[in-house]
file query36.pdb (PDB, C-alpha atoms, pLDDT in the B column)
ATOM      1  CA  MET A   1       0.000   0.000   0.000  1.00 46.00           C
ATOM      2  CA  ASP A   2       1.561   3.345  -1.014  1.00 46.00           C
ATOM      3  CA  SER A   3       1.659   6.259   1.439  1.00 42.00           C
ATOM      4  CA  ASP A   4      -1.120   8.241  -0.275  1.00 47.00           C
ATOM      5  CA  THR A   5      -3.487   5.285  -0.174  1.00 43.00           C
ATOM      6  CA  LYS A   6      -2.583   4.503   3.429  1.00 44.00           C
ATOM      7  CA  SER A   7      -3.119   8.136   4.455  1.00 49.00           C
ATOM      8  CA  GLY A   8      -6.548   8.133   2.840  1.00 53.00           C
ATOM      9  CA  PHE A   9      -7.438   4.874   4.582  1.00 42.00           C
ATOM     10  CA  ASP A  10      -6.328   6.246   7.966  1.00 58.00           C
ATOM     11  CA  ASN A  11      -8.386   9.395   7.456  1.00 61.00           C
ATOM     12  CA  GLU A  12     -11.419   7.296   6.583  1.00 63.00           C
ATOM     13  CA  VAL A  13     -10.997   5.223   9.772  1.00 56.00           C
ATOM     14  CA  ASP A  14     -10.513   8.389  11.845  1.00 73.00           C
ATOM     15  CA  SER A  15     -13.661   9.963  10.419  1.00 74.00           C
ATOM     16  CA  LYS A  16     -15.684   6.821  11.149  1.00 78.00           C
ATOM     17  CA  GLU A  17     -14.431   6.783  14.733  1.00 83.00           C
ATOM     18  CA  SER A  18     -15.174  10.506  15.103  1.00 90.00           C
ATOM     19  CA  ALA A  19     -18.726   9.974  13.832  1.00 94.00           C
ATOM     20  CA  PHE A  20     -19.150   7.073  16.283  1.00 96.00           C
ATOM     21  CA  TYR A  21     -18.297   9.356  19.218  1.00 96.00           C
ATOM     22  CA  LEU A  22     -20.108  12.437  17.918  1.00 95.00           C
ATOM     23  CA  ASP A  23     -23.329  10.510  17.278  1.00 96.00           C
ATOM     24  CA  ALA A  24     -23.237   9.114  20.815  1.00 96.00           C
ATOM     25  CA  ALA A  25     -22.636  12.573  22.305  1.00 95.00           C
ATOM     26  CA  LYS A  26     -25.575  13.998  20.319  1.00 96.00           C
ATOM     27  CA  TYR A  27     -27.836  11.182  21.507  1.00 97.00           C
ATOM     28  CA  TRP A  28     -27.002  11.663  25.197  1.00 97.00           C
ATOM     29  CA  GLU A  29     -27.414  15.442  24.935  1.00 96.00           C
ATOM     30  CA  GLN A  30     -31.132  14.801  24.340  1.00 97.00           C
ATOM     31  CA  VAL A  31     -31.549  12.401  27.275  1.00 97.00           C
ATOM     32  CA  PRO A  32     -33.017  13.837  30.497  1.00 97.00           C
ATOM     33  CA  PRO A  33     -30.617  13.789  33.486  1.00 97.00           C
ATOM     34  CA  THR A  34     -32.687  11.319  35.500  1.00 97.00           C
ATOM     35  CA  VAL A  35     -32.310   7.699  36.611  1.00 97.00           C
ATOM     36  CA  ASP A  36     -34.853   6.735  33.948  1.00 97.00           C
ATOM     37  CA  GLY A  37     -32.794   8.582  31.346  1.00 96.00           C
ATOM     38  CA  MET A  38     -29.579   6.884  32.430  1.00 97.00           C
ATOM     39  CA  LEU A  39     -31.192   3.446  32.212  1.00 97.00           C
ATOM     40  CA  GLY A  40     -33.094   3.925  28.966  1.00 95.00           C
ATOM     41  CA  GLY A  41     -36.494   3.928  30.637  1.00 96.00           C
ATOM     42  CA  LEU A  42     -35.661   1.012  32.913  1.00 96.00           C
ATOM     43  CA  SER A  43     -35.390   2.834  36.246  1.00 97.00           C
ATOM     44  CA  SER A  44     -37.216  -0.140  37.793  1.00 97.00           C
ATOM     45  CA  ILE A  45     -34.011  -2.202  37.578  1.00 98.00           C
ATOM     46  CA  SER A  46     -31.821   0.381  39.351  1.00 98.00           C
ATOM     47  CA  ASP A  47     -32.233  -1.042  42.847  1.00 98.00           C
ATOM     48  CA  ILE A  48     -31.619  -4.627  41.643  1.00 98.00           C
ATOM     49  CA  ASP A  49     -28.530  -3.416  39.773  1.00 98.00           C
ATOM     50  CA  LEU A  50     -27.079  -1.577  42.781  1.00 98.00           C
ATOM     51  CA  LYS A  51     -27.674  -4.513  45.128  1.00 98.00           C
ATOM     52  CA  GLY A  52     -26.009  -6.888  42.659  1.00 98.00           C
ATOM     53  CA  SER A  53     -23.023  -4.539  42.435  1.00 98.00           C
ATOM     54  CA  GLN A  54     -22.752  -4.333  46.213  1.00 98.00           C
ATOM     55  CA  ARG A  55     -22.783  -8.122  46.524  1.00 98.00           C
ATOM     56  CA  PHE A  56     -20.029  -8.393  43.918  1.00 98.00           C
ATOM     57  CA  LEU A  57     -17.956  -5.743  45.685  1.00 98.00           C
ATOM     58  CA  ASN A  58     -18.428  -7.578  48.988  1.00 98.00           C
ATOM     59  CA  SER A  59     -17.131 -10.763  47.376  1.00 97.00           C
ATOM     60  CA  ILE A  60     -14.014  -8.912  46.164  1.00 97.00           C
ATOM     61  CA  TYR A  61     -13.180  -7.964  49.744  1.00 97.00           C
ATOM     62  CA  GLN A  62     -13.242 -11.621  50.715  1.00 96.00           C
ATOM     63  CA  LEU A  63     -10.239 -12.246  48.473  1.00 92.00           C
ATOM     64  CA  VAL A  64      -6.850 -12.722  50.140  1.00 84.00           C
ATOM     65  CA  GLU A  65      -5.202  -9.860  48.266  1.00 90.00           C
ATOM     66  CA  CYS A  66      -8.140  -7.456  48.439  1.00 95.00           C
ATOM     67  CA  PRO A  67      -7.963  -3.711  47.622  1.00 97.00           C
ATOM     68  CA  GLY A  68      -8.026  -0.881  50.118  1.00 97.00           C
ATOM     69  CA  LYS A  69     -11.194   1.106  50.849  1.00 98.00           C
ATOM     70  CA  GLU A  70     -10.122   4.714  50.510  1.00 98.00           C
ATOM     71  CA  ARG A  71     -10.869   6.011  47.017  1.00 98.00           C
ATOM     72  CA  ALA A  72     -12.936   4.868  44.053  1.00 98.00           C
ATOM     73  CA  LEU A  73     -13.621   6.067  40.529  1.00 98.00           C
ATOM     74  CA  ASP A  74     -17.044   6.005  38.856  1.00 98.00           C
ATOM     75  CA  GLY A  75     -16.247   5.803  35.133  1.00 98.00           C
ATOM     76  CA  GLY A  76     -19.006   7.012  32.807  1.00 98.00           C
ATOM     77  CA  ALA A  77     -20.832   8.240  35.893  1.00 98.00           C
ATOM     78  CA  GLY A  78     -23.829   9.949  34.300  1.00 98.00           C
ATOM     79  CA  ILE A  79     -25.725  11.733  37.088  1.00 98.00           C
ATOM     80  CA  GLY A  80     -23.921   9.835  39.833  1.00 98.00           C
ATOM     81  CA  ARG A  81     -26.485   7.037  40.259  1.00 98.00           C
ATOM     82  CA  ILE A  82     -23.797   4.456  41.064  1.00 98.00           C
ATOM     83  CA  THR A  83     -21.743   6.846  43.201  1.00 98.00           C
ATOM     84  CA  GLN A  84     -24.721   7.748  45.358  1.00 98.00           C
ATOM     85  CA  GLY A  85     -26.342   4.323  45.162  1.00 97.00           C
ATOM     86  CA  PHE A  86     -23.459   2.269  46.505  1.00 97.00           C
ATOM     87  CA  LEU A  87     -19.891   3.487  45.921  1.00 98.00           C
ATOM     88  CA  MET A  88     -20.189   6.247  48.547  1.00 98.00           C
ATOM     89  CA  LYS A  89     -21.322   3.655  51.074  1.00 97.00           C
ATOM     90  CA  ASN A  90     -18.001   1.849  50.638  1.00 98.00           C
ATOM     91  CA  PHE A  91     -15.437   4.582  49.939  1.00 98.00           C
ATOM     92  CA  PRO A  92     -14.984   7.971  51.656  1.00 98.00           C
ATOM     93  CA  VAL A  93     -13.798   9.516  48.366  1.00 98.00           C
ATOM     94  CA  VAL A  94     -15.387   8.837  44.966  1.00 98.00           C
ATOM     95  CA  ASP A  95     -14.358  10.663  41.781  1.00 98.00           C
ATOM     96  CA  LEU A  96     -16.777  10.876  38.842  1.00 98.00           C
ATOM     97  CA  VAL A  97     -15.835  10.874  35.158  1.00 98.00           C
ATOM     98  CA  GLU A  98     -18.596  11.846  32.720  1.00 98.00           C
ATOM     99  CA  GLN A  99     -18.501  13.190  29.179  1.00 97.00           C
ATOM    100  CA  ASP A 100     -21.911  14.895  29.181  1.00 97.00           C
ATOM    101  CA  ARG A 101     -21.750  18.219  31.011  1.00 97.00           C
ATOM    102  CA  HIS A 102     -25.431  18.445  31.956  1.00 97.00           C
ATOM    103  CA  PHE A 103     -25.332  14.942  33.486  1.00 98.00           C
ATOM    104  CA  LEU A 104     -22.295  15.906  35.531  1.00 98.00           C
ATOM    105  CA  GLU A 105     -23.913  19.145  36.702  1.00 98.00           C
ATOM    106  CA  GLU A 106     -26.981  17.193  37.807  1.00 98.00           C
ATOM    107  CA  GLY A 107     -24.668  14.798  39.640  1.00 98.00           C
ATOM    108  CA  LYS A 108     -22.969  17.670  41.465  1.00 98.00           C
ATOM    109  CA  LYS A 109     -26.361  19.071  42.443  1.00 97.00           C
ATOM    110  CA  SER A 110     -27.744  15.774  43.758  1.00 97.00           C
ATOM    111  CA  LEU A 111     -24.537  14.934  45.626  1.00 98.00           C
ATOM    112  CA  LYS A 112     -24.147  18.373  47.222  1.00 96.00           C
ATOM    113  CA  PRO A 113     -26.473  17.664  50.212  1.00 97.00           C
ATOM    114  CA  THR A 114     -24.653  14.385  50.906  1.00 96.00           C
ATOM    115  CA  ASN A 115     -21.251  13.798  52.455  1.00 93.00           C
ATOM    116  CA  HIS A 116     -19.746  13.195  49.002  1.00 97.00           C
ATOM    117  CA  ARG A 117     -16.047  13.918  48.661  1.00 97.00           C
ATOM    118  CA  GLY A 118     -14.300  13.616  45.337  1.00 98.00           C
ATOM    119  CA  GLN A 119     -13.549  15.275  42.021  1.00 98.00           C
ATOM    120  CA  PHE A 120     -15.681  15.666  38.905  1.00 98.00           C
ATOM    121  CA  PHE A 121     -14.021  15.136  35.515  1.00 98.00           C
ATOM    122  CA  ASN A 122     -15.986  16.322  32.462  1.00 98.00           C
ATOM    123  CA  ILE A 123     -14.311  14.156  29.810  1.00 97.00           C
ATOM    124  CA  GLY A 124     -14.949  11.004  27.792  1.00 97.00           C
ATOM    125  CA  LEU A 125     -13.230   7.798  28.892  1.00 98.00           C
ATOM    126  CA  GLN A 126     -11.430   7.637  25.543  1.00 97.00           C
ATOM    127  CA  LYS A 127      -9.527  10.784  26.620  1.00 96.00           C
ATOM    128  CA  PHE A 128      -9.401  10.305  30.400  1.00 98.00           C
ATOM    129  CA  THR A 129      -6.098   9.590  32.144  1.00 98.00           C
ATOM    130  CA  PRO A 130      -6.243   8.966  35.907  1.00 98.00           C
ATOM    131  CA  GLU A 131      -3.665  10.206  38.358  1.00 98.00           C
ATOM    132  CA  ASN A 132      -1.003   7.612  39.090  1.00 98.00           C
ATOM    133  CA  CYS A 133      -1.587   5.160  41.913  1.00 98.00           C
ATOM    134  CA  VAL A 134      -4.661   6.717  43.559  1.00 98.00           C
ATOM    135  CA  TYR A 135      -7.604   4.319  43.183  1.00 98.00           C
ATOM    136  CA  ASP A 136      -8.506   1.207  45.146  1.00 98.00           C
ATOM    137  CA  ILE A 137     -11.462   0.443  42.848  1.00 98.00           C
ATOM    138  CA  MET A 138     -12.248   1.845  39.408  1.00 98.00           C
ATOM    139  CA  TRP A 139     -15.885   0.994  38.641  1.00 98.00           C
ATOM    140  CA  VAL A 140     -16.794   1.261  34.947  1.00 98.00           C
ATOM    141  CA  GLN A 141     -20.377   0.338  34.076  1.00 98.00           C
ATOM    142  CA  TRP A 142     -22.499   0.417  30.914  1.00 98.00           C
ATOM    143  CA  VAL A 143     -20.178   2.736  29.049  1.00 98.00           C
ATOM    144  CA  LEU A 144     -17.528   0.584  27.324  1.00 97.00           C
ATOM    145  CA  GLY A 145     -19.903   0.025  24.418  1.00 98.00           C
ATOM    146  CA  HIS A 146     -19.276   3.666  23.549  1.00 97.00           C
ATOM    147  CA  LEU A 147     -15.552   3.013  23.045  1.00 98.00           C
ATOM    148  CA  THR A 148     -13.945   1.467  19.992  1.00 97.00           C
ATOM    149  CA  ASP A 149     -11.927  -1.707  20.666  1.00 97.00           C
ATOM    150  CA  GLU A 150      -8.676   0.237  20.296  1.00 97.00           C
ATOM    151  CA  ASP A 151      -9.780   3.004  22.677  1.00 97.00           C
ATOM    152  CA  LEU A 152     -11.092   0.461  25.188  1.00 98.00           C
ATOM    153  CA  ILE A 153      -7.696  -1.254  25.303  1.00 98.00           C
ATOM    154  CA  SER A 154      -5.930   2.108  25.602  1.00 98.00           C
ATOM    155  CA  PHE A 155      -8.310   3.234  28.379  1.00 98.00           C
ATOM    156  CA  LEU A 156      -7.726   0.061  30.383  1.00 98.00           C
ATOM    157  CA  ARG A 157      -3.969   0.415  30.006  1.00 98.00           C
ATOM    158  CA  ARG A 158      -4.157   3.944  31.404  1.00 98.00           C
ATOM    159  CA  CYS A 159      -6.403   2.729  34.226  1.00 98.00           C
ATOM    160  CA  LYS A 160      -3.699   0.285  35.307  1.00 97.00           C
ATOM    161  CA  LEU A 161      -1.482   3.249  36.142  1.00 97.00           C
ATOM    162  CA  GLY A 162      -4.233   4.784  38.287  1.00 98.00           C
ATOM    163  CA  LEU A 163      -4.525   1.754  40.563  1.00 98.00           C
ATOM    164  CA  LYS A 164      -2.967   1.497  43.989  1.00 98.00           C
ATOM    165  CA  PRO A 165      -1.190  -1.760  44.895  1.00 96.00           C
ATOM    166  CA  ARG A 166      -3.878  -4.502  45.045  1.00 97.00           C
ATOM    167  CA  GLY A 167      -6.307  -2.111  43.333  1.00 98.00           C
ATOM    168  CA  LEU A 168      -8.876  -3.465  40.891  1.00 98.00           C
ATOM    169  CA  ILE A 169     -10.898  -2.317  37.909  1.00 98.00           C
ATOM    170  CA  VAL A 170     -14.488  -3.575  37.810  1.00 98.00           C
ATOM    171  CA  LEU A 171     -16.265  -3.690  34.459  1.00 98.00           C
ATOM    172  CA  LYS A 172     -20.033  -4.215  34.395  1.00 98.00           C
ATOM    173  CA  GLU A 173     -21.388  -4.635  30.895  1.00 98.00           C
ATOM    174  CA  ASN A 174     -24.085  -6.055  28.657  1.00 98.00           C
ATOM    175  CA  LEU A 175     -22.989  -9.083  26.614  1.00 98.00           C
ATOM    176  CA  THR A 176     -24.454 -10.513  23.427  1.00 98.00           C
ATOM    177  CA  SER A 177     -25.571 -14.139  23.297  1.00 96.00           C
ATOM    178  CA  SER A 178     -25.083 -14.289  19.514  1.00 97.00           C
ATOM    179  CA  GLY A 179     -21.290 -14.414  19.739  1.00 97.00           C
ATOM    180  CA  GLU A 180     -21.213 -11.320  17.521  1.00 98.00           C
ATOM    181  CA  VAL A 181     -20.764  -7.598  18.115  1.00 98.00           C
ATOM    182  CA  GLU A 182     -24.173  -5.928  17.874  1.00 98.00           C
ATOM    183  CA  MET A 183     -24.446  -2.254  16.910  1.00 97.00           C
ATOM    184  CA  ASP A 184     -27.104   0.089  18.270  1.00 97.00           C
ATOM    185  CA  ASN A 185     -27.410   2.992  15.847  1.00 95.00           C
ATOM    186  CA  THR A 186     -29.808   4.853  18.145  1.00 95.00           C
ATOM    187  CA  ASP A 187     -27.198   5.726  20.762  1.00 96.00           C
ATOM    188  CA  SER A 188     -24.124   4.819  18.668  1.00 96.00           C
ATOM    189  CA  SER A 189     -22.869   1.989  20.845  1.00 98.00           C
ATOM    190  CA  VAL A 190     -21.856  -1.634  20.500  1.00 98.00           C
ATOM    191  CA  THR A 191     -22.569  -4.672  22.642  1.00 98.00           C
ATOM    192  CA  ARG A 192     -19.777  -7.230  22.596  1.00 98.00           C
ATOM    193  CA  PRO A 193     -19.818 -10.996  23.134  1.00 98.00           C
ATOM    194  CA  HIS A 194     -18.133 -12.451  26.217  1.00 98.00           C
ATOM    195  CA  ALA A 195     -15.146 -13.816  24.275  1.00 98.00           C
ATOM    196  CA  LEU A 196     -14.288 -10.405  22.810  1.00 98.00           C
ATOM    197  CA  VAL A 197     -14.510  -8.620  26.184  1.00 98.00           C
ATOM    198  CA  VAL A 198     -12.123 -11.207  27.654  1.00 98.00           C
ATOM    199  CA  GLU A 199      -9.771 -10.810  24.668  1.00 98.00           C
ATOM    200  CA  LEU A 200      -9.672  -6.999  25.006  1.00 98.00           C
ATOM    201  CA  ILE A 201      -8.989  -7.271  28.742  1.00 98.00           C
ATOM    202  CA  LYS A 202      -6.021  -9.558  27.993  1.00 98.00           C
ATOM    203  CA  LYS A 203      -4.729  -7.260  25.246  1.00 98.00           C
ATOM    204  CA  ALA A 204      -4.682  -4.418  27.784  1.00 98.00           C
ATOM    205  CA  GLY A 205      -2.382  -6.461  30.014  1.00 98.00           C
ATOM    206  CA  LEU A 206      -4.999  -7.337  32.625  1.00 98.00           C
ATOM    207  CA  ARG A 207      -6.406 -10.580  33.974  1.00 98.00           C
ATOM    208  CA  ILE A 208      -9.817 -11.491  35.344  1.00 98.00           C
ATOM    209  CA  ILE A 209      -9.705 -12.537  38.996  1.00 97.00           C
ATOM    210  CA  LYS A 210     -13.453 -12.755  39.566  1.00 97.00           C
ATOM    211  CA  GLU A 211     -16.491 -12.786  37.293  1.00 98.00           C
ATOM    212  CA  GLN A 212     -20.183 -12.913  38.091  1.00 98.00           C
ATOM    213  CA  LYS A 213     -23.503 -12.640  36.292  1.00 98.00           C
ATOM    214  CA  GLN A 214     -25.986 -10.007  37.434  1.00 98.00           C
ATOM    215  CA  GLN A 215     -29.060 -11.817  38.724  1.00 97.00           C
ATOM    216  CA  ARG A 216     -32.770 -10.952  38.671  1.00 97.00           C
ATOM    217  CA  PHE A 217     -32.787  -8.763  35.563  1.00 98.00           C
ATOM    218  CA  PRO A 218     -35.733  -9.159  33.134  1.00 96.00           C
ATOM    219  CA  SER A 219     -35.132 -12.088  30.770  1.00 96.00           C
ATOM    220  CA  ASP A 220     -35.569  -9.949  27.647  1.00 96.00           C
ATOM    221  CA  LEU A 221     -32.499  -7.837  28.467  1.00 97.00           C
ATOM    222  CA  TYR A 222     -28.913  -8.602  27.515  1.00 98.00           C
ATOM    223  CA  GLU A 223     -26.987 -10.714  29.977  1.00 98.00           C
ATOM    224  CA  VAL A 224     -24.981  -8.455  32.286  1.00 98.00           C
ATOM    225  CA  ARG A 225     -21.689  -9.572  33.831  1.00 98.00           C
ATOM    226  CA  MET A 226     -19.227  -8.044  36.267  1.00 98.00           C
ATOM    227  CA  PHE A 227     -15.484  -8.560  35.827  1.00 98.00           C
ATOM    228  CA  ALA A 228     -12.931  -7.734  38.522  1.00 98.00           C
ATOM    229  CA  ILE A 229      -9.632  -7.301  36.743  1.00 98.00           C
ATOM    230  CA  GLN A 230      -6.071  -6.449  37.749  1.00 98.00           C
ATOM    231  CA  PRO A 231      -2.717  -5.934  36.019  1.00 97.00           C
ATOM    232  CA  VAL A 232      -0.940  -9.143  34.992  1.00 96.00           C
TER     233      VAL A 232
END
call {"tool": "encode", "arguments": {"input": "query36.pdb", "output": "structure tokens"}}
result
Amino acid sequence: MDSDTKSGFDNEVDSKESAFYLDAAKYWEQVPPTVDGMLGGLSSISDIDLKGSQRFLNSIYQLVECPGKERALDGGAGIGRITQGFLMKNFPVVDLVEQDRHFLEEGKKSLKPTNHRGQFFNIGLQKFTPENCVYDIMWVQWVLGHLTDEDLISFLRRCKLGLKPRGLIVLKENLTSSGEVEMDNTDSSVTRPHALVVELIKKAGLRIIKEQKQQRFPSDLYEVRMFAIQPV
């Protein structure tokens, strides 16, 4: 492939990736900053989701080499549903990362009357770089479908640097049962099969130390799994 052709190909890939992110941003700009908005009209599952997450976190702290309990990150935090719903109950400091400004502002407003301590980062995960060695747990839920495979790997590699010794990243995501990547053009996201998620985790230089299926969700929804992962 000559350089001109390669350059044109790269530009085409870049423009596709840019459209993928821009379309998602435009979609979320129209979504109300509410629990129902965050969950696509399924606010009824929020309590089940949070309880399942708490049980998984509890199981992590039964491991021999468990993380500390000082500071957590809520990646793709939206309005802070997960921060307020369970992370704050476990960590005295929780930082929020959210691309959509009006979601983050709503999060600040709802967390203000609470004892929340932590920073707010208005940036997409594809551009976010954590401080070195500050987080015990980095919780990233229902947002990785908005990252390309390459950006997901890059994000996880950067997250490794943000972990304290024994720190963990927890991914909670929808998975396809078809074995294929499924595209949602409405919100410009993808849902990956289990095998691909595992492959991308490995490519980022991480290993799965615990995995669990979210229970009690409606049967017509995607399967949801939680992965606790750490640097190899």
call {"tool": "residues_around", "arguments": {"input": "query36.pdb", "residues": "region 28-30 of chain A", "least_positions_apart": "6", "cutoff": "10 Å", "atoms": "all atoms listed in the file", "output": "PyMOL selection string"}}
result
chain A and resi 37-38+78+99-103+187-188
call {"tool": "residues_around", "arguments": {"input": "query36.pdb", "residues": "Asn90 (chain A)", "least_positions_apart": "4", "cutoff": "12 Å", "atoms": "all atoms listed in the file", "output": "list in words"}}
result
Ser53, Gln54, Arg55, Leu57, Asn58, Tyr61, Pro67, Gly68, Lys69, Glu70, Arg71, Ala72, Leu73, Ile82, Thr83, Gln84, Gly85, Phe86, Val94, His116, Asp136 and Ile137 of chain A
call {"tool": "residues_around", "arguments": {"input": "query36.pdb", "residues": "Val143 (chain A)", "least_positions_apart": "6", "cutoff": "9 Å", "atoms": "all atoms listed in the file", "output": "number ranges by chain"}}
result
A: 75-77, 125, 172-173, 189
call {"tool": "atom_distance", "arguments": {"input": "query36.pdb", "atom1": "CA of Thr129 (chain A)", "atom2": "CA of Arg158 (chain A)"}}
result
6.0 Å
call {"tool": "atom_distance", "arguments": {"input": "query36.pdb", "atom1": "CA of Ile79 (chain A)", "atom2": "CA of Phe56 (chain A)"}}
result
22.0 Å
call {"tool": "residues_around", "arguments": {"input": "query36.pdb", "residues": "region 208-210 of chain A", "least_positions_apart": "5", "cutoff": "6 Å", "atoms": "all atoms listed in the file", "output": "PDB file with C-alpha atoms, keeping the file's coordinate frame"}}
result
ATOM      1  CA  PHE A 227     -15.484  -8.560  35.827  1.00 98.00           C
ATOM      2  CA  ALA A 228     -12.931  -7.734  38.522  1.00 98.00           C
ATOM      3  CA  ILE A 229      -9.632  -7.301  36.743  1.00 98.00           C
TER       4      ILE A 229
END
